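Data block for entry15.txt (compact mmCIF, C-alpha atoms):
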# COMPACT_ATOMS: atom_id res chain seq x y z
CA MET A 1183 28.32 244.96 -73.75
CA LYS A 1184 30.64 242.84 -75.84
CA ASP A 1185 33.34 245.44 -75.19
CA TRP A 1186 33.09 245.27 -71.39
CA PRO A 1187 36.57 244.52 -70.09
CA LEU A 1188 37.35 241.44 -68.03
CA TRP A 1189 38.01 241.65 -64.27
CA GLU A 1190 39.60 239.04 -62.06
CA VAL A 1191 37.67 238.34 -58.86
CA PHE A 1192 39.19 237.62 -55.46
CA VAL A 1193 37.10 236.58 -52.44
CA ARG A 1194 38.08 236.60 -48.78
CA GLY A 1195 36.34 233.58 -47.29
CA LYS A 1196 36.38 234.91 -43.73
CA GLY A 1197 38.29 237.30 -41.53
CA GLY A 1198 41.96 236.39 -41.25
CA LEU A 1199 42.17 234.54 -44.56
CA SER A 1200 43.70 235.94 -47.73
CA HIS A 1201 41.65 236.91 -50.74
CA ARG A 1202 41.67 234.02 -53.21
CA HIS A 1203 41.20 234.11 -56.93
CA VAL A 1204 37.82 232.59 -57.81
CA GLY A 1205 37.17 233.57 -61.42
CA SER A 1206 36.36 236.55 -63.58
CA VAL A 1207 33.48 238.78 -64.67
CA HIS A 1208 32.81 241.25 -67.47
CA ALA A 1209 31.93 244.79 -66.37
CA ALA A 1210 32.10 248.34 -67.66
CA ASP A 1211 33.47 249.96 -64.50
CA PRO A 1212 34.86 249.04 -61.07
CA LYS A 1213 31.53 249.43 -59.30
CA MET A 1214 29.77 247.19 -61.79
CA ALA A 1215 32.61 244.69 -61.47
CA ILE A 1216 32.09 244.50 -57.69
CA GLU A 1217 28.34 244.07 -58.16
CA HIS A 1218 28.81 241.36 -60.76
CA ALA A 1219 31.40 239.62 -58.61
CA ARG A 1220 29.01 239.76 -55.64
CA ASP A 1221 26.16 238.33 -57.70
CA ALA A 1222 28.23 235.65 -59.42
CA TYR A 1223 30.58 234.48 -56.68
CA THR A 1224 29.11 235.16 -53.22
CA ARG A 1225 25.57 233.79 -53.64
CA ARG A 1226 26.25 230.90 -51.30
CA MET A 1227 27.95 232.74 -48.44
CA GLU A 1228 31.41 232.28 -49.95
CA GLY A 1229 32.85 235.50 -48.67
CA VAL A 1230 33.09 238.59 -46.51
CA SER A 1231 35.17 240.79 -48.82
CA LEU A 1232 35.76 241.17 -52.55
CA TRP A 1233 38.56 242.48 -54.73
CA VAL A 1234 38.29 243.02 -58.45
CA VAL A 1235 41.28 243.76 -60.65
CA PRO A 1236 41.25 244.58 -64.37
CA SER A 1237 42.59 241.44 -66.02
CA ALA A 1238 44.66 243.62 -68.33
CA GLN A 1239 46.58 244.92 -65.31
CA ILE A 1240 47.86 241.48 -64.42
CA THR A 1241 51.33 240.64 -65.65
CA ALA A 1242 51.80 236.90 -65.94
CA SER A 1243 55.00 234.91 -66.13
CA ASP A 1244 55.80 233.49 -69.54
CA PRO A 1245 55.00 229.74 -69.67
CA GLY A 1246 58.08 229.39 -71.88
CA ASP A 1247 60.21 230.55 -68.94
CA ALA A 1248 58.70 228.03 -66.53
CA ALA A 1249 61.74 225.78 -66.51
CA ALA A 1250 64.13 228.60 -65.68
CA LEU A 1251 61.78 230.19 -63.17
CA PHE A 1252 60.54 227.23 -61.19
CA GLU A 1253 62.63 224.13 -61.67
CA PRO A 1254 65.71 225.42 -59.81
CA ALA A 1255 63.63 225.26 -56.61
CA GLU A 1256 62.97 221.55 -57.00
CA ASP A 1257 66.16 220.29 -55.34
CA LYS A 1258 66.23 222.80 -52.51
CA VAL A 1259 64.13 220.95 -49.97
CA TYR A 1260 66.04 222.69 -47.17
CA ARG A 1261 63.91 225.75 -47.86
CA HIS A 1262 60.78 223.99 -46.58
CA PRO A 1263 60.10 224.81 -42.94
CA THR A 1264 59.67 221.14 -42.10
CA PHE A 1265 61.64 221.41 -38.86
CA TYR A 1266 58.78 223.21 -37.17
CA SER A 1267 55.90 221.25 -35.73
CA ILE A 1268 52.58 223.01 -36.39
CA PRO A 1269 49.94 222.75 -33.66
CA ASP A 1270 46.84 220.86 -34.80
CA HIS A 1271 44.49 223.79 -34.26
CA ILE A 1272 46.34 226.02 -36.75
CA LYS A 1273 44.39 225.40 -39.93
CA HIS A 1274 45.48 227.91 -42.53
CA ILE A 1275 49.23 227.85 -42.97
CA MET B 956 -9.74 239.05 -44.87
CA ASN B 957 -9.06 241.18 -41.82
CA ALA B 958 -6.96 244.34 -42.09
CA LEU B 959 -3.68 242.86 -40.80
CA ALA B 960 -3.95 239.82 -43.06
CA THR B 961 -4.63 242.12 -46.00
CA TYR B 962 -1.66 244.25 -44.98
CA ALA B 963 0.63 241.21 -45.10
CA LEU B 964 -0.99 240.06 -48.35
CA ARG B 965 -0.21 243.38 -50.05
CA LEU B 966 3.43 243.22 -49.00
CA GLY B 967 3.64 239.65 -50.22
CA ASP B 968 1.91 240.39 -53.52
CA ASP B 969 4.28 243.29 -54.29
CA SER B 970 7.28 241.04 -53.79
CA LEU B 971 5.75 238.03 -55.56
CA ILE B 972 4.74 239.87 -58.71
CA LEU B 973 8.01 241.79 -58.98
CA GLY B 974 9.96 238.58 -58.42
CA GLN B 975 8.00 236.82 -61.15
CA ARG B 976 8.48 239.74 -63.54
CA LEU B 977 12.22 239.83 -62.95
CA SER B 978 12.53 236.08 -63.40
CA GLU B 979 11.29 236.56 -66.98
CA TRP B 980 14.76 237.97 -67.69
CA CYS B 981 16.38 234.66 -66.77
CA GLY B 982 18.36 233.55 -69.81
CA HIS B 983 17.54 236.77 -71.70
CA ALA B 984 19.54 239.52 -69.93
CA PRO B 985 22.04 241.56 -71.95
CA ALA B 986 25.03 239.80 -70.32
CA LEU B 987 25.54 236.65 -68.28
CA GLU B 988 26.52 238.71 -65.24
CA VAL B 989 23.39 240.87 -65.52
CA ASP B 990 21.31 237.71 -65.87
CA LEU B 991 22.63 236.61 -62.48
CA SER B 992 22.06 240.04 -60.92
CA LEU B 993 18.41 240.12 -61.97
CA ALA B 994 17.83 236.50 -60.96
CA ASN B 995 19.30 237.24 -57.52
CA VAL B 996 16.97 240.20 -57.05
CA ALA B 997 14.06 238.04 -58.23
CA LEU B 998 14.90 235.32 -55.70
CA ASP B 999 15.14 237.85 -52.87
CA GLN B 1000 11.67 239.10 -53.79
CA ILE B 1001 10.20 235.59 -54.01
CA GLY B 1002 11.71 234.85 -50.59
CA GLN B 1003 10.05 237.91 -49.09
CA ALA B 1004 6.77 236.94 -50.74
CA THR B 1005 6.95 233.47 -49.19
CA HIS B 1006 7.26 234.96 -45.69
CA PHE B 1007 4.60 237.65 -46.09
CA LEU B 1008 2.08 235.35 -47.79
CA ALA B 1009 2.56 232.69 -45.11
CA LEU B 1010 1.93 235.38 -42.50
CA ALA B 1011 -1.15 236.60 -44.39
CA GLY B 1012 -2.52 233.05 -44.41
CA GLU B 1013 -1.97 232.67 -40.67
CA LEU B 1014 -3.53 236.03 -39.84
CA GLU B 1015 -6.50 235.19 -42.03
CA GLY B 1016 -6.94 231.88 -40.17
CA ARG B 1017 -8.72 229.98 -42.92
CA GLY B 1018 -6.01 227.43 -43.55
CA ARG B 1019 -4.50 229.00 -46.67
CA ASP B 1020 -0.71 228.80 -46.86
CA ALA B 1021 1.70 230.84 -49.00
CA ASP B 1022 1.30 228.50 -51.98
CA ALA B 1023 -2.50 228.65 -51.82
CA LEU B 1024 -2.34 232.44 -51.83
CA ALA B 1025 0.22 232.62 -54.64
CA PHE B 1026 -1.20 229.98 -56.95
CA ARG B 1027 -4.92 229.79 -56.27
CA ARG B 1028 -6.20 233.34 -56.39
CA ASP B 1029 -7.66 235.05 -59.41
CA VAL B 1030 -6.33 238.31 -60.77
CA MET B 1031 -8.85 240.60 -59.02
CA ASP B 1032 -7.83 239.13 -55.66
CA PHE B 1033 -4.22 240.27 -56.09
CA THR B 1034 -3.37 243.39 -54.12
CA ASN B 1035 0.04 244.38 -55.52
CA CYS B 1036 0.65 247.94 -56.63
CA LEU B 1037 0.47 248.51 -60.37
CA LEU B 1038 4.15 249.42 -60.68
CA VAL B 1039 5.42 245.89 -60.04
CA GLU B 1040 3.17 244.26 -62.66
CA GLN B 1041 4.35 246.58 -65.45
CA PRO B 1042 6.00 244.72 -68.31
CA ASN B 1043 9.78 244.45 -68.39
CA GLY B 1044 10.04 246.33 -71.68
CA ASP B 1045 13.69 246.84 -72.50
CA PHE B 1046 16.45 246.67 -69.93
CA ALA B 1047 16.18 250.40 -69.11
CA GLN B 1048 12.44 250.07 -68.44
CA THR B 1049 13.10 247.16 -66.08
CA ILE B 1050 15.75 249.22 -64.30
CA ALA B 1051 13.37 252.19 -64.04
CA ARG B 1052 10.77 250.00 -62.30
CA GLN B 1053 13.37 248.51 -59.97
CA PHE B 1054 14.81 251.91 -59.16
CA LEU B 1055 11.47 253.48 -58.16
CA PHE B 1056 10.31 250.40 -56.27
CA SER B 1057 13.49 249.39 -54.44
CA HIS B 1058 13.98 252.82 -52.89
CA TYR B 1059 10.39 252.71 -51.67
CA GLN B 1060 10.79 249.16 -50.42
CA GLU B 1061 14.01 249.96 -48.56
CA LEU B 1062 12.39 252.89 -46.73
CA LEU B 1063 9.29 250.79 -46.08
CA PHE B 1064 11.14 247.80 -44.61
CA ALA B 1065 13.47 250.01 -42.57
CA ALA B 1066 10.38 251.51 -40.90
CA LEU B 1067 8.49 248.22 -40.69
CA ALA B 1068 11.44 246.60 -38.89
CA ALA B 1069 10.32 248.67 -35.88
CA SER B 1070 6.78 247.25 -36.04
CA LYS B 1071 5.20 246.15 -32.77
CA HIS B 1072 4.25 242.92 -34.53
CA GLU B 1073 7.22 240.55 -34.17
CA ARG B 1074 6.66 238.68 -37.42
CA PHE B 1075 6.30 241.78 -39.59
CA ALA B 1076 9.36 243.28 -37.88
CA ALA B 1077 11.47 240.14 -38.37
CA ILE B 1078 10.64 239.73 -42.07
CA ALA B 1079 11.31 243.42 -42.71
CA ALA B 1080 14.60 243.39 -40.79
CA LYS B 1081 15.87 240.53 -42.93
CA ALA B 1082 14.53 241.93 -46.19
CA VAL B 1083 15.83 245.47 -45.75
CA LYS B 1084 19.41 244.27 -46.26
CA GLU B 1085 18.47 242.57 -49.50
CA VAL B 1086 16.55 245.56 -50.74
CA LYS B 1087 19.28 248.04 -49.89
CA TYR B 1088 21.44 246.21 -52.43
CA HIS B 1089 18.63 246.24 -55.00
CA ALA B 1090 18.31 250.01 -54.62
CA THR B 1091 22.05 250.50 -55.06
CA LEU B 1092 22.18 248.16 -58.05
CA ALA B 1093 19.27 249.88 -59.78
CA SER B 1094 20.58 253.37 -58.99
CA ASP B 1095 23.98 252.54 -60.43
CA TRP B 1096 22.32 251.38 -63.64
CA VAL B 1097 20.16 254.52 -63.83
CA VAL B 1098 23.35 256.60 -63.67
CA ARG B 1099 25.21 254.41 -66.16
CA LEU B 1100 22.39 254.47 -68.70
CA GLY B 1101 21.32 258.07 -68.06
CA ASP B 1102 24.84 259.44 -68.21
CA GLY B 1103 25.99 256.93 -70.83
CA THR B 1104 25.51 257.26 -74.56
CA GLU B 1105 22.80 259.33 -76.24
CA GLU B 1106 20.97 256.10 -77.04
CA SER B 1107 21.14 254.67 -73.50
CA LYS B 1108 19.94 258.02 -72.15
CA GLN B 1109 16.86 257.97 -74.43
CA HIS B 1110 16.02 254.44 -73.27
CA MET B 1111 16.38 255.47 -69.60
CA ILE B 1112 14.15 258.50 -70.12
CA ALA B 1113 11.52 256.36 -71.86
CA GLY B 1114 11.68 253.73 -69.11
CA LEU B 1115 11.22 256.26 -66.31
CA ASP B 1116 8.46 257.93 -68.30
CA TRP B 1117 6.55 254.64 -68.51
CA MET B 1118 6.88 253.84 -64.79
CA TRP B 1119 6.50 257.28 -63.26
CA ARG B 1120 2.67 257.42 -63.18
CA PHE B 1121 2.59 254.29 -61.01
CA ALA B 1122 4.91 255.67 -58.30
CA ASP B 1123 2.31 257.55 -56.23
CA GLU B 1124 0.28 254.43 -55.57
CA MET B 1125 3.12 253.03 -53.44
CA PHE B 1126 2.61 255.79 -50.87
CA ALA B 1127 -1.20 255.89 -50.92
CA MET B 1128 -2.88 255.18 -47.57
CA ASP B 1129 -6.33 253.61 -47.35
CA ALA B 1130 -8.50 252.05 -44.60
CA VAL B 1131 -6.33 248.91 -44.40
CA ASP B 1132 -3.16 250.97 -44.02
CA ALA B 1133 -4.80 253.21 -41.44
CA ALA B 1134 -5.98 250.21 -39.39
CA ALA B 1135 -2.53 248.61 -39.49
CA LEU B 1136 -0.92 251.90 -38.52
CA GLU B 1137 -3.43 252.37 -35.70
CA ALA B 1138 -2.60 248.90 -34.38
CA GLY B 1139 1.10 249.76 -34.26
CA VAL B 1140 1.79 247.09 -36.87
CA GLY B 1141 1.91 249.01 -40.13
CA ILE B 1142 3.68 252.20 -41.02
CA ASP B 1143 2.75 255.58 -42.44
CA LYS B 1144 3.66 255.06 -46.10
CA ALA B 1145 2.75 258.63 -47.04
CA ALA B 1146 5.43 259.84 -44.64
CA LEU B 1147 8.08 257.99 -46.69
CA LYS B 1148 7.49 260.15 -49.76
CA PRO B 1149 9.84 263.07 -48.94
CA ALA B 1150 12.78 260.76 -48.24
CA TRP B 1151 12.00 258.79 -51.40
CA ASN B 1152 11.83 262.00 -53.45
CA GLN B 1153 15.19 263.04 -52.11
CA ARG B 1154 16.83 259.72 -52.99
CA ILE B 1155 15.32 259.64 -56.46
CA ASP B 1156 16.32 263.24 -57.19
CA LEU B 1157 19.91 262.64 -56.07
CA VAL B 1158 20.33 259.71 -58.42
CA LEU B 1159 18.57 261.48 -61.31
CA ALA B 1160 20.91 264.45 -60.90
CA ASP B 1161 23.88 262.11 -60.96
CA ALA B 1162 22.46 260.50 -64.09
CA THR B 1163 21.98 263.93 -65.75
CA LEU B 1164 18.27 263.14 -66.09
CA GLU B 1165 15.29 265.41 -65.55
CA ARG B 1166 12.68 264.32 -63.06
CA PRO B 1167 9.70 263.17 -65.18
CA ALA B 1168 6.79 265.64 -65.18
CA SER B 1169 4.09 264.95 -62.61
CA ARG B 1170 0.91 263.58 -64.05
CA ARG B 1171 -2.29 262.03 -62.83
CA PRO B 1172 -1.30 258.98 -60.80
CA VAL B 1173 -2.80 255.61 -61.73
CA LEU B 1174 -4.23 253.80 -58.70
CA GLY B 1175 -6.31 250.71 -58.05
CA GLY B 1176 -3.91 247.79 -57.60
CA ARG B 1177 -4.60 247.51 -53.87
CA ARG B 1178 -8.32 247.03 -54.66
CA GLY B 1179 -7.68 244.46 -57.38
CA HIS B 1180 -8.09 246.82 -60.35
CA HIS B 1181 -5.12 245.72 -62.41
CA SER B 1182 -3.74 246.32 -65.86
CA GLU B 1183 -4.16 243.60 -68.48
CA HIS B 1184 -0.51 242.66 -67.90
CA LEU B 1185 -1.13 240.94 -64.56
CA GLY B 1186 -3.47 238.28 -65.95
CA HIS B 1187 -0.82 237.16 -68.44
CA LEU B 1188 1.80 237.08 -65.70
CA LEU B 1189 -0.44 234.95 -63.48
CA SER B 1190 -1.28 232.53 -66.29
CA GLU B 1191 2.41 231.66 -66.40
CA LEU B 1192 2.99 231.78 -62.63
CA GLN B 1193 -0.05 229.65 -61.82
CA PHE B 1194 -0.13 227.29 -64.80
CA LEU B 1195 1.23 224.21 -63.06
CA GLN B 1196 -0.99 224.40 -59.97
CA ARG B 1197 -4.02 225.14 -62.16
CA ALA B 1198 -3.37 222.25 -64.56
CA TYR B 1199 -2.17 219.79 -61.91
CA PRO B 1200 -3.72 220.92 -58.59
CA GLY B 1201 -1.58 220.04 -55.59
CA ALA B 1202 1.35 218.85 -57.72
CA THR B 1203 4.58 218.57 -55.77
CA TRP B 1204 8.07 217.44 -56.75

Since I need it in another form, could you write the structure as structure tokens?
Amino acid sequence: MKDWPLWEVFVRGKGGLSHRHVGSVHAADPKMAIEHARDAYTRRMEGVSLWVVPSAQITASDPGDAAALFEPAEDKVYRHPTFYSIPDHIKHI
Amino acid sequence: MNALATYALRLGDDSLILGQRLSEWCGHAPALEVDLSLANVALDQIGQATHFLALAGELEGRGRDADALAFRRDVMDFTNCLLVEQPNGDFAQTIARQFLFSHYQELLFAALAASKHERFAAIAAKAVKEVKYHATLASDWVVRLGDGTEESKQHMIAGLDWMWRFADEMFAMDAVDAAALEAGVGIDKAALKPAWNQRIDLVLADATLERPASRRPVLGGRRGHHSEHLGHLLSELQFLQRAYPGATW
């Protein structure tokens, strides 16, 4: 069981929301990964849907490139949609 | 105890003893994730036991609550089937027990949810969802171990071989079952056997396993004739209430 691959777990909190990354589990196959994710991450009514993705399939950005990737956005405040007023009852935006 | 109280007691005892057995894995399972899986199943079973034992106490009408029934009865007063008290053995043996029992329990609760008795029906309707997951979880493991490596297959065969002789008792009908059925409260457990056989055979085929050979079934749990294993289980389960009667925290 030491050689079980790692899977990233995503939970949809309720209908209409996106799946959010919550953690990871070890499992031998996709079905086992779903079962482990269910048992580890939805014990307290956290979700209505699960995704599991083999961690090895995730391509991450290189932390060394962070400055080039993300800092250029810092001085471009005009990209924020701050001109729109959001009604109070819209919670997830 | 009257027949209906005994009927509830048996359902509660099955869940209680299996829940206690499974909880022995806590901290010892082969992987952290499996530890959580087994603990979740154990907690579902303990929850069912709480409801059924409380109902048994009410139907009996002598003032015993779920705790009194769980912690202050001696071994010969327990009415669980022998399957659930069998030792965990290795992981495959635990899975074998869960596999045989959960499929029975799912069929049982699905039928009991239509009981004329509101309380039995309500507990069963809630529990059947839990148990459906247990049956899937156990079946998946039977397939993984049975159709896994040569070693895992041998363990799965040995586990099923140990548990198989205790399967028939689950479907046995006696006077209590007949009375509960007659009253429109209980169900015909014997009638569940064909559907159970079909489910078990499907999974075994998927797992490339032979159905274990039929042999003389071992009965007696419902009448309090238990294996030596149950006494040891109860000594752990009941220790605190025996040593410190009425202790709460």

#### Entry: Interface list for chain B, partner chain A, 9 Å threshold, only C-alpha atoms, as JSON, numbers by chain
{"B": [985, 986, 987, 988, 989, 991, 992, 995, 1092, 1095, 1096]}

### Task
Find the residue from B:Val1083, B:Ala1021, B:Leu1157, B:Leu973 that sits nearest to B:Gln1053; use all atoms listed in the file when measuring.
B:Leu973

#### Entry: d(atom CA of B:Lys1148, atom CA of B:Tyr962) in Å
19.0 Å

#### Entry: Counting all atoms listed in the file, the residue of B:Val996, B:Leu1055, B:Ala1162, B:Ala1065 that sits nearest B:Lys1108
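The answer is B:Ala1162, which sits nearest to B:Lys1108.
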
### Task
Between atom CA of B:Ala1069 and atom CA of B:Lys1087, measure the distance and give it in Å to one decimal.
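Atom CA of B:Lys1087 lies at a distance of 16.6 Å from atom CA of B:Ala1069.
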
### Query
With all atoms listed in the file as the basis for distance, which of B:Arg1019, B:Gly1114, B:Ala997, B:Gly967 is at the shortest distance from B:Cys981?
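Comparing B:Arg1019, B:Gly1114, B:Ala997, B:Gly967 against B:Cys981, the winner is B:Ala997.
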
### Task
With a distance cut-off of 12 Å and all atoms listed in the file, select the neighbouring residues of B:Leu1192, excluding the residue or stretch itself and same-chain residues fewer than 6 positions from it, and output the selection as number ranges by chain.
B: 971-976, 978-979, 1001, 1022, 1025-1030, 1185-1186, 1198

### Message
Restricting the calculation to only C-alpha atoms: of B:Leu1024, B:Ala1011, B:Ala1122, B:Leu1062, which residue gets closest to B:Pro1172?
### Response
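Smallest distance to B:Pro1172 is found for B:Ala1122.
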
### Task
Quick one: everything within 10 Å of B:Leu1067, counting all atoms listed in the file, minus sequence neighbours fewer than 4 positions away in the same chain. Send it as a ChimeraX atom specification.
/B:1061-1063,1071-1072,1075-1080,1083,1139-1144

### Task
Fewer than 5 positions away in the same chain doesn't count, so skip those; otherwise give me all residues within 9 Å of A:Ala1238, counting all atoms listed in the file, as a list in words.
Pro1187, Leu1188 and Trp1189 of chain A

### Task
Rank nothing, just name the residue among A:Val1204, A:Ala1242, A:Ala1249, A:Ile1268 nearest to A:Glu1228, using all atoms listed in the file.
A:Val1204

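Straight-line separation from atom CA of B:Trp1119 to atom CA of B:Arg1171: 10.0 Å.
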
Fix up stretch 1107-1135 of chain B with N, CA and C atoms, then write it as a short mmCIF file (atom, residue, chain, number, x, y, z; two decimals), keeping the file's coordinate frame.
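Saved as selection_36.cif:
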data_model
loop_
_atom_site.label_atom_id
_atom_site.label_comp_id
_atom_site.auth_asym_id
_atom_site.auth_seq_id
_atom_site.Cartn_x
_atom_site.Cartn_y
_atom_site.Cartn_z
N SER B 1107 21.51 255.23 -74.81
CA SER B 1107 21.14 254.67 -73.50
C SER B 1107 20.32 255.69 -72.71
N LYS B 1108 20.67 256.97 -72.86
CA LYS B 1108 19.94 258.02 -72.15
C LYS B 1108 18.47 258.05 -72.59
N GLN B 1109 18.24 257.95 -73.92
CA GLN B 1109 16.86 257.97 -74.43
C GLN B 1109 16.07 256.77 -73.89
N HIS B 1110 16.70 255.63 -73.81
CA HIS B 1110 16.02 254.44 -73.27
C HIS B 1110 15.67 254.64 -71.79
N MET B 1111 16.61 255.25 -71.04
CA MET B 1111 16.38 255.47 -69.60
C MET B 1111 15.24 256.45 -69.40
N ILE B 1112 15.23 257.51 -70.22
CA ILE B 1112 14.15 258.50 -70.12
C ILE B 1112 12.80 257.84 -70.43
N ALA B 1113 12.77 257.03 -71.48
CA ALA B 1113 11.52 256.36 -71.86
C ALA B 1113 11.06 255.39 -70.77
N GLY B 1114 12.02 254.69 -70.16
CA GLY B 1114 11.68 253.73 -69.11
C GLY B 1114 11.08 254.42 -67.90
N LEU B 1115 11.73 255.51 -67.47
CA LEU B 1115 11.22 256.26 -66.31
C LEU B 1115 9.86 256.86 -66.63
N ASP B 1116 9.71 257.31 -67.88
CA ASP B 1116 8.46 257.93 -68.30
C ASP B 1116 7.31 256.93 -68.21
N TRP B 1117 7.58 255.68 -68.58
CA TRP B 1117 6.55 254.64 -68.51
C TRP B 1117 6.15 254.38 -67.06
N MET B 1118 7.13 254.29 -66.17
CA MET B 1118 6.88 253.84 -64.79
C MET B 1118 6.39 254.94 -63.86
N TRP B 1119 6.68 256.18 -64.20
CA TRP B 1119 6.50 257.28 -63.26
C TRP B 1119 5.07 257.42 -62.72
N ARG B 1120 4.08 257.21 -63.59
CA ARG B 1120 2.67 257.42 -63.18
C ARG B 1120 2.20 256.40 -62.15
N PHE B 1121 2.98 255.33 -61.97
CA PHE B 1121 2.59 254.29 -61.01
C PHE B 1121 3.28 254.47 -59.65
N ALA B 1122 4.12 255.52 -59.54
CA ALA B 1122 4.91 255.67 -58.30
C ALA B 1122 4.04 256.10 -57.11
N ASP B 1123 3.09 257.00 -57.35
CA ASP B 1123 2.31 257.55 -56.23
C ASP B 1123 1.51 256.49 -55.48
N GLU B 1124 1.10 255.46 -56.21
CA GLU B 1124 0.28 254.43 -55.57
C GLU B 1124 1.02 253.75 -54.40
N MET B 1125 2.34 253.69 -54.51
CA MET B 1125 3.12 253.03 -53.44
C MET B 1125 2.90 253.72 -52.09
N PHE B 1126 2.68 255.02 -52.12
CA PHE B 1126 2.61 255.79 -50.87
C PHE B 1126 1.18 256.06 -50.42
N ALA B 1127 0.21 255.60 -51.22
CA ALA B 1127 -1.20 255.89 -50.92
C ALA B 1127 -1.64 255.11 -49.67
N MET B 1128 -2.35 255.80 -48.78
CA MET B 1128 -2.88 255.18 -47.57
C MET B 1128 -4.38 254.99 -47.72
N ASP B 1129 -4.88 253.81 -47.37
CA ASP B 1129 -6.33 253.61 -47.35
C ASP B 1129 -6.74 253.04 -46.00
N ALA B 1130 -7.97 252.51 -45.89
CA ALA B 1130 -8.50 252.05 -44.60
C ALA B 1130 -7.65 250.93 -44.01
N VAL B 1131 -7.16 250.03 -44.87
CA VAL B 1131 -6.33 248.91 -44.40
C VAL B 1131 -5.03 249.45 -43.80
N ASP B 1132 -4.41 250.39 -44.51
CA ASP B 1132 -3.16 250.97 -44.02
C ASP B 1132 -3.38 251.71 -42.71
N ALA B 1133 -4.49 252.43 -42.64
CA ALA B 1133 -4.80 253.21 -41.44
C ALA B 1133 -5.01 252.28 -40.25
N ALA B 1134 -5.73 251.17 -40.48
CA ALA B 1134 -5.98 250.21 -39.39
C ALA B 1134 -4.68 249.58 -38.92
N ALA B 1135 -3.80 249.22 -39.86
CA ALA B 1135 -2.53 248.61 -39.49
C ALA B 1135 -1.64 249.60 -38.74
#
